[in-house]
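Structure file structure32.cif (mmCIF, C-alpha atoms) is printed below.
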```cif
data_final
loop_
_atom_site.label_atom_id
_atom_site.label_comp_id
_atom_site.auth_asym_id
_atom_site.auth_seq_id
_atom_site.Cartn_x
_atom_site.Cartn_y
_atom_site.Cartn_z
CA MET A 1 69.21 84.17 0.52
CA SER A 2 71.53 81.63 -1.14
CA GLU A 3 73.18 80.95 2.23
CA LEU A 4 69.89 79.66 3.59
CA ARG A 5 69.52 77.39 0.57
CA LYS A 6 73.04 76.02 1.14
CA LEU A 7 72.30 75.24 4.80
CA THR A 8 68.96 73.63 3.90
CA PHE A 9 70.57 71.42 1.25
CA GLY A 10 73.24 70.44 3.77
CA TYR A 11 70.56 69.56 6.32
CA LEU A 12 68.56 67.48 3.82
CA GLY A 13 71.79 65.77 2.74
CA LEU A 14 72.52 64.83 6.35
CA LEU A 15 69.04 63.35 6.78
CA ALA A 16 69.42 61.42 3.50
CA LEU A 17 72.75 60.00 4.71
CA LEU A 18 71.10 59.00 8.00
CA ALA A 19 68.38 57.13 6.05
CA LEU A 20 71.09 55.49 3.92
CA THR A 21 73.12 54.32 6.91
CA VAL A 22 70.07 52.88 8.73
CA GLY A 23 68.79 51.29 5.50
CA SER A 24 72.14 49.71 4.64
CA SER A 25 72.42 48.23 8.12
CA LEU A 26 69.22 46.22 7.49
CA ILE A 27 70.86 44.51 4.49
CA ASP A 28 73.65 42.02 5.13
CA LEU A 29 76.69 43.15 3.12
CA GLY A 30 79.11 40.78 4.85
CA GLY A 31 82.12 42.69 6.18
CA PHE A 32 81.23 45.86 4.30
CA ASN A 33 78.46 47.05 6.67
CA VAL A 34 80.90 48.52 9.21
CA ALA A 35 83.07 50.13 6.53
CA LEU A 36 80.02 51.63 4.80
CA ASN A 37 78.60 52.96 8.08
CA LEU A 38 81.92 54.60 8.97
CA ALA A 39 82.27 56.07 5.47
CA ILE A 40 78.76 57.57 5.72
CA ALA A 41 79.57 58.96 9.21
CA ALA A 42 82.74 60.54 7.79
CA ALA A 43 80.73 62.07 4.92
CA LYS A 44 78.25 63.52 7.44
CA ALA A 45 81.13 64.94 9.50
CA VAL A 46 82.62 66.60 6.40
CA LEU A 47 79.21 68.13 5.55
CA ILE A 48 78.84 69.52 9.09
CA VAL A 49 82.41 70.86 9.20
CA MET A 50 82.28 72.55 5.79
CA LEU A 51 78.69 73.90 5.78
CA PHE A 52 77.85 74.49 9.45
CA MET A 53 81.24 75.10 11.08
CA HIS A 54 82.70 77.26 8.28
CA LEU A 55 86.20 75.80 8.53
CA THR A 56 88.20 78.61 6.93
CA GLY A 57 91.46 80.38 7.72
CA ALA A 58 94.93 78.95 8.28
CA LEU A 59 94.87 78.67 12.09
CA PRO A 60 91.59 76.67 12.46
CA ARG A 61 92.78 74.34 9.68
CA LEU A 62 96.10 73.91 11.50
CA ALA A 63 94.23 72.94 14.70
CA VAL A 64 92.15 70.36 12.79
CA ALA A 65 95.21 68.98 11.01
CA ALA A 66 97.07 68.66 14.34
CA ALA A 67 94.13 66.84 15.95
CA GLY A 68 93.85 64.56 12.91
CA LEU A 69 97.57 63.78 13.00
CA TRP A 70 97.46 62.80 16.68
CA LEU A 71 94.36 60.66 16.15
CA VAL A 72 96.09 58.84 13.28
CA ILE A 73 99.13 58.19 15.51
CA LEU A 74 96.84 57.02 18.36
CA PHE A 75 94.87 54.57 16.20
CA TRP A 76 97.77 53.47 13.98
CA LEU A 77 100.26 52.65 16.76
CA THR A 78 97.58 50.87 18.81
CA LEU A 79 96.34 48.70 15.94
CA VAL A 80 99.78 47.99 14.47
CA GLY A 81 101.07 46.83 17.86
CA ARG A 82 98.43 44.18 18.25
CA MET B 1 84.41 102.28 22.20
CA SER B 2 85.86 99.31 20.35
CA GLY B 3 83.13 96.84 21.35
CA THR B 4 85.45 94.05 22.47
CA GLU B 5 84.94 92.01 25.61
CA SER B 6 88.65 91.86 26.48
CA VAL B 7 91.10 94.80 26.46
CA ALA B 8 93.60 92.51 24.70
CA PHE B 9 92.01 93.11 21.27
CA ASP B 10 91.72 96.33 19.25
CA THR B 11 88.75 95.24 17.16
CA PRO B 12 85.82 92.81 17.52
CA GLN B 13 87.02 91.03 14.35
CA ARG B 14 90.38 90.19 15.92
CA GLU B 15 88.69 89.03 19.12
CA ARG B 16 86.35 86.77 17.14
CA ARG B 17 89.24 85.26 15.18
CA ALA B 18 91.12 84.54 18.39
CA ASP B 19 87.97 82.96 19.85
CA THR B 20 87.46 80.82 16.77
CA PHE B 21 91.04 79.54 16.81
CA ALA B 22 90.81 78.76 20.54
CA MET B 23 87.55 76.87 19.97
CA TRP B 24 89.15 74.76 17.24
CA VAL B 25 92.09 73.93 19.55
CA PHE B 26 89.59 73.00 22.29
CA ILE B 27 87.66 70.83 19.81
CA GLY B 28 90.97 69.14 18.92
CA SER B 29 91.53 68.26 22.59
CA GLU B 30 87.96 66.98 22.83
CA ALA B 31 88.59 64.85 19.74
CA MET B 32 91.49 63.24 21.67
CA LEU B 33 89.16 62.39 24.57
CA PHE B 34 86.44 60.84 22.41
CA GLY B 35 89.02 59.34 20.02
CA ALA B 36 90.61 57.35 22.86
CA ILE B 37 87.21 55.95 23.91
CA PHE B 38 86.33 55.07 20.31
CA LEU B 39 89.68 53.28 20.06
CA VAL B 40 88.92 51.18 23.16
CA PHE B 41 85.56 50.29 21.59
CA LEU B 42 87.18 49.44 18.24
CA VAL B 43 89.75 47.10 19.82
CA ALA B 44 87.06 45.41 21.93
CA HIS B 45 84.85 45.07 18.85
CA ILE B 46 87.68 43.38 16.93
CA ASP B 47 88.24 40.93 19.81
CA PHE B 48 84.62 40.22 20.83
CA GLY B 49 82.74 40.91 17.58
CA PRO B 50 79.91 38.33 17.92
CA ALA B 51 79.21 39.25 21.57
CA PHE B 52 79.13 42.97 20.70
CA ALA B 53 76.84 42.41 17.71
CA ALA B 54 74.40 40.36 19.81
CA ALA B 55 74.42 42.94 22.64
CA SER B 56 73.92 45.84 20.18
CA LYS B 57 70.62 44.29 19.04
CA HIS B 58 69.19 45.07 22.50
CA LEU B 59 69.48 48.84 21.83
CA SER B 60 66.46 50.61 20.34
CA LEU B 61 67.19 51.36 16.67
CA PRO B 62 64.01 53.52 16.19
CA LEU B 63 64.82 55.73 19.20
CA GLY B 64 68.50 55.96 18.22
CA THR B 65 67.58 56.94 14.64
CA PHE B 66 65.03 59.49 15.88
CA ASN B 67 67.60 61.02 18.23
CA THR B 68 70.17 61.27 15.43
CA ALA B 69 67.63 63.19 13.34
CA VAL B 70 66.86 65.45 16.34
CA LEU B 71 70.53 66.25 16.85
CA ILE B 72 71.11 66.91 13.12
CA THR B 73 68.12 69.29 13.19
CA SER B 74 69.57 71.06 16.24
CA SER B 75 72.83 71.58 14.31
CA PHE B 76 70.78 73.05 11.46
CA THR B 77 69.02 75.52 13.79
CA MET B 78 72.40 76.42 15.32
CA ALA B 79 73.76 77.11 11.82
CA LEU B 80 70.64 79.25 11.21
CA ALA B 81 71.37 81.20 14.43
CA HIS B 82 74.88 81.90 13.12
CA MET B 83 73.57 83.02 9.71
CA LEU B 84 70.91 85.26 11.30
CA ALA B 85 73.46 86.80 13.69
CA VAL B 86 75.76 87.60 10.77
CA HIS B 87 72.82 89.40 9.12
CA ARG B 88 72.09 91.18 12.45
CA ARG B 89 68.61 89.69 12.75
CA TRP B 90 68.99 89.40 16.50
CA ARG B 91 65.48 88.41 17.52
CA ALA B 92 65.31 85.59 14.97
CA ALA B 93 68.82 84.46 15.98
CA ALA B 94 67.74 84.25 19.64
CA TRP B 95 64.74 82.11 18.60
CA ALA B 96 67.01 79.81 16.58
CA LEU B 97 69.22 79.42 19.67
CA ALA B 98 66.16 78.63 21.81
CA ALA B 99 65.07 76.01 19.24
CA THR B 100 68.56 74.48 19.34
CA SER B 101 68.47 74.08 23.11
CA ALA B 102 64.88 72.73 22.96
CA LEU B 103 66.02 70.07 20.47
CA GLY B 104 68.97 69.28 22.77
CA ILE B 105 66.53 68.78 25.66
CA CYS B 106 64.37 66.56 23.41
CA PHE B 107 67.44 64.41 22.67
CA LEU B 108 68.15 64.07 26.41
CA ILE B 109 64.55 63.07 27.16
CA VAL B 110 64.61 60.34 24.49
CA LYS B 111 68.01 59.19 25.80
CA GLY B 112 66.46 59.07 29.27
CA ILE B 113 63.61 56.89 27.96
CA GLU B 114 66.20 54.54 26.41
CA TYR B 115 68.21 54.40 29.65
CA THR B 116 65.07 53.66 31.68
CA LYS B 117 64.15 50.77 29.37
CA GLU B 118 67.70 49.35 29.44
CA ILE B 119 67.90 49.62 33.22
CA SER B 120 64.51 47.93 33.69
CA ASP B 121 65.61 45.17 31.25
CA GLY B 122 68.69 44.58 33.45
CA LEU B 123 71.14 45.74 30.77
CA ALA B 124 72.93 48.43 32.79
CA PRO B 125 76.09 47.09 34.47
CA LEU B 126 76.63 50.21 36.57
CA LEU B 127 75.95 51.65 40.01
CA GLY B 128 75.49 48.12 41.36
CA LEU B 129 72.36 47.57 39.25
CA PRO B 130 71.51 43.92 38.46
CA PHE B 131 72.81 42.75 35.07
CA ARG B 132 70.43 40.12 33.66
CA TYR B 133 71.61 39.49 30.12
CA THR B 134 70.29 36.24 28.64
CA GLY B 135 72.12 36.22 25.27
CA PRO B 136 75.42 34.51 24.43
CA ASP B 137 78.70 35.52 26.09
CA PRO B 138 77.28 37.71 28.92
CA VAL B 139 80.76 38.70 30.16
CA HIS B 140 81.63 40.56 26.95
CA ALA B 141 78.06 41.77 26.50
CA GLU B 142 78.49 43.44 29.91
CA PHE B 143 81.64 45.09 28.54
CA PHE B 144 79.62 46.35 25.55
CA PHE B 145 76.94 47.87 27.78
CA GLY B 146 79.60 49.40 30.05
CA LEU B 147 81.13 51.13 27.03
CA TYR B 148 77.67 52.09 25.71
CA PHE B 149 76.74 53.83 28.97
CA THR B 150 80.17 55.48 29.29
CA MET B 151 80.15 56.84 25.73
CA THR B 152 76.52 58.00 25.63
CA SER B 153 76.58 59.56 29.12
CA LEU B 154 79.81 61.43 28.35
CA HIS B 155 78.15 62.70 25.17
CA ALA B 156 74.98 63.62 27.12
CA LEU B 157 77.11 65.59 29.64
CA HIS B 158 78.57 67.58 26.74
CA LEU B 159 75.08 68.28 25.47
CA ILE B 160 73.91 69.40 28.95
CA GLY B 161 76.89 71.77 29.10
CA GLY B 162 75.94 73.21 25.70
CA ILE B 163 72.32 73.70 26.75
CA ILE B 164 73.40 75.54 29.93
CA VAL B 165 75.65 77.86 27.90
CA ILE B 166 72.81 78.57 25.41
CA ALA B 167 70.52 79.42 28.35
CA GLY B 168 73.16 81.80 29.73
CA MET B 169 73.64 83.38 26.31
CA ILE B 170 69.90 83.99 25.89
CA ALA B 171 69.76 85.47 29.43
CA LEU B 172 72.60 87.89 28.59
CA TRP B 173 71.23 88.59 25.08
CA PRO B 174 69.41 91.91 25.80
CA THR B 175 72.44 93.49 27.52
CA SER B 176 75.13 92.23 25.10
CA THR B 177 76.72 94.29 22.33
CA PRO B 178 76.14 93.03 18.76
CA ALA B 179 79.82 92.07 18.42
CA ASN B 180 79.67 89.96 21.59
CA ARG B 181 76.44 88.28 20.52
CA LEU B 182 77.96 87.23 17.19
CA ARG B 183 81.23 86.11 18.83
CA ARG B 184 79.38 83.91 21.32
CA VAL B 185 77.09 82.38 18.67
CA VAL B 186 80.12 81.50 16.53
CA ALA B 187 82.05 79.95 19.44
CA LEU B 188 79.11 78.00 20.86
CA GLY B 189 78.09 76.90 17.35
CA LEU B 190 81.49 75.26 16.84
CA TYR B 191 81.11 73.35 20.10
CA TRP B 192 77.54 72.29 19.36
CA HIS B 193 78.39 71.01 15.86
CA PHE B 194 81.33 69.06 17.29
CA VAL B 195 79.05 67.34 19.83
CA ASP B 196 76.77 66.50 16.88
CA ILE B 197 79.70 64.99 14.96
CA VAL B 198 80.59 62.82 17.96
CA TRP B 199 77.04 61.44 17.92
CA VAL B 200 77.17 60.94 14.14
CA PHE B 201 80.00 58.45 14.79
CA MET B 202 78.57 56.98 18.00
CA PHE B 203 75.22 56.10 16.41
CA PRO B 204 76.48 53.62 13.74
CA VAL B 205 79.23 52.30 16.01
CA LEU B 206 76.86 51.43 18.86
CA TYR B 207 73.47 50.85 17.19
CA LEU B 208 74.29 49.46 13.75
CA ILE B 209 76.74 46.60 14.42
CA ASN B 210 75.78 43.81 12.00
CA ARG B 211 72.05 44.35 12.36
#
```
Could you write out this structure as structure tokens?
Amino acid sequence: MSELRKLTFGYLGLLALLALTVGSSLIDLGGFNVALNLAIAAAKAVLIVMLFMHLTGALPRLAVAAAGLWLVILFWLTLVGR
Amino acid sequence: MSGTESVAFDTPQRERRADTFAMWVFIGSEAMLFGAIFLVFLVAHIDFGPAFAAASKHLSLPLGTFNTAVLITSSFTMALAHMLAVHRRWRAAAWALAATSALGICFLIVKGIEYTKEISDGLAPLLGLPFRYTGPDPVHAEFFFGLYFTMTSLHALHLIGGIIVIAGMIALWPTSTPANRLRRVVALGLYWHFVDIVWVFMFPVLYLINR
């Protein structure tokens, strides 16, 4: 079952990213630690959404795009106004 | 018999697509809730960075890492339940669901152990408990722990809700039609994976600040 192999690779990838994020936090990279941690978290989220949540079809993608747009507005207007 | 739960749909496929879309809209609204809390944390972190970094070192990195692995594994078993339900292997799918909820309970137990330790160390500024923080800048450290307990307990409540729904689904499993079983696994799976994603962001934000 190739689907099972896909899910297993996704799972192992998530665990590898977890090891990477914990490992990188033990090394001082100056200001890059936070950025790297958030980038790894985003990569994990993309893996979960694409492999586990099967984000397909126009309407689910529209819902995700709408949520993303509002989050960008929320964060952008708050941080730009400071 | 069409096999749908609601009379509003002609076919199970249409009902499942409507469910899936509704779940994604719901997840979008949940993303607003957690997004706003993450934003508060981000702004506070920018303003009180050193205090937050010092306070974060009092959290247990081994337990946090272990719990992240547990939750990722529970997402994997939930994805397995979905795959097995698609292939109509109902008994195996029910076991995968049971494993998912067991892993969720394991996460909550470890979280409980962490909370107990933090409360006994005097790091929980809630419910009138004594706050005995000895590091630098205790005022903003208290703010960090307030946010930590708010974020993690809100996440834990979501997990408890998911576990209750899984229990209900397993209880209804023998009397449900195949179409309804698959529809419920798909909808609950979306919710469970979203709760996992929230933790995937919470873990580095709370536990890994300038270690």
Can you tell me, as lines of an AutoDock Vina configuration file, the centre and edge lengths (Å, one decimal) of the axis-aligned box enclosing all of range 106-124 of chain B's listed atoms after padding each side by 5 Å?
```
center_x = 68.3
center_y = 55.6
center_z = 28.2
size_x = 19.3
size_y = 32.0
size_z = 21.0
```
Exercise. Compute the set of chain B residues within 8 Å of chain A, using all atoms listed in the file, and express it as number ranges by chain.
Key: B: 20-21, 24-25, 28-29, 31-32, 35-36, 39, 43, 65, 68-69, 72-73, 75-76, 79-80, 83, 189-190, 193, 197, 200-201, 204-205, 208-211
Quiz item: Can you tell me how far CA of His87 in chain B sits from CA of Phe9 in chain B, in Å to one decimal?
Solution: 23.0 Å
Quiz item: What's the 9 Å shell around range 124-134 of chain B, counting only C-alpha atoms, without same-chain residues fewer than 2 positions away, as JSON, numbers by chain?
Solution: {"B": [55, 115, 118, 119, 120, 121, 122, 136, 137, 138, 141, 142, 143, 145, 146, 149]}
Quiz prompt | Point-to-point distance in Å for CA of Gly3 in chain B and CA of Met23 in chain B | solution =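 If I compute the distance from CA of Met23 in chain B to CA of Gly3 in chain B, I get 20.5 Å.
The two atoms in question, CA of Tyr207 in chain B and CA of Ile113 in chain B, are spaced 15.8 Å apart.
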Self-check item: Distance query Asn180 in chain B at most 9 Å, only C-alpha atoms, self and fewer than 2 positions along chain excluded, as a ChimeraX atom specification
Solution: /B:3-5,12,16,176-178,182-185
Quiz item: In terms of the shortest atom-to-atom distance over all atoms listed in the file, which of B:Leu33, B:Ala44, B:Ala8, B:Ile105 is closest to His140 in chain B?
Solution: B:Ala44
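Minimum atom-to-atom distances from B:Lys111, B:Leu206, B:Ala99, B:Ser60 to Phe41 in chain B were compared using all atoms listed in the file, and the lowest value belongs to B:Leu206.
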Quick one: which residues end up in the PyMOL selection byres ((chain B and resi 106) around 12) for this structure, as a compact mmCIF listing (two decimals) with C-alpha atoms, in the coordinates of the input?
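Saved as out_16.txt:
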```
# COMPACT_ATOMS: atom_id res chain seq x y z
CA LEU B 63 64.82 55.73 19.20
CA PHE B 66 65.03 59.49 15.88
CA ASN B 67 67.60 61.02 18.23
CA THR B 68 70.17 61.27 15.43
CA ALA B 69 67.63 63.19 13.34
CA VAL B 70 66.86 65.45 16.34
CA LEU B 71 70.53 66.25 16.85
CA THR B 73 68.12 69.29 13.19
CA SER B 74 69.57 71.06 16.24
CA ALA B 99 65.07 76.01 19.24
CA THR B 100 68.56 74.48 19.34
CA SER B 101 68.47 74.08 23.11
CA ALA B 102 64.88 72.73 22.96
CA LEU B 103 66.02 70.07 20.47
CA GLY B 104 68.97 69.28 22.77
CA ILE B 105 66.53 68.78 25.66
CA PHE B 107 67.44 64.41 22.67
CA LEU B 108 68.15 64.07 26.41
CA ILE B 109 64.55 63.07 27.16
CA VAL B 110 64.61 60.34 24.49
CA LYS B 111 68.01 59.19 25.80
CA GLY B 112 66.46 59.07 29.27
CA ILE B 113 63.61 56.89 27.96
CA ALA B 156 74.98 63.62 27.12
CA LEU B 159 75.08 68.28 25.47
CA ILE B 160 73.91 69.40 28.95
CA ILE B 163 72.32 73.70 26.75
```
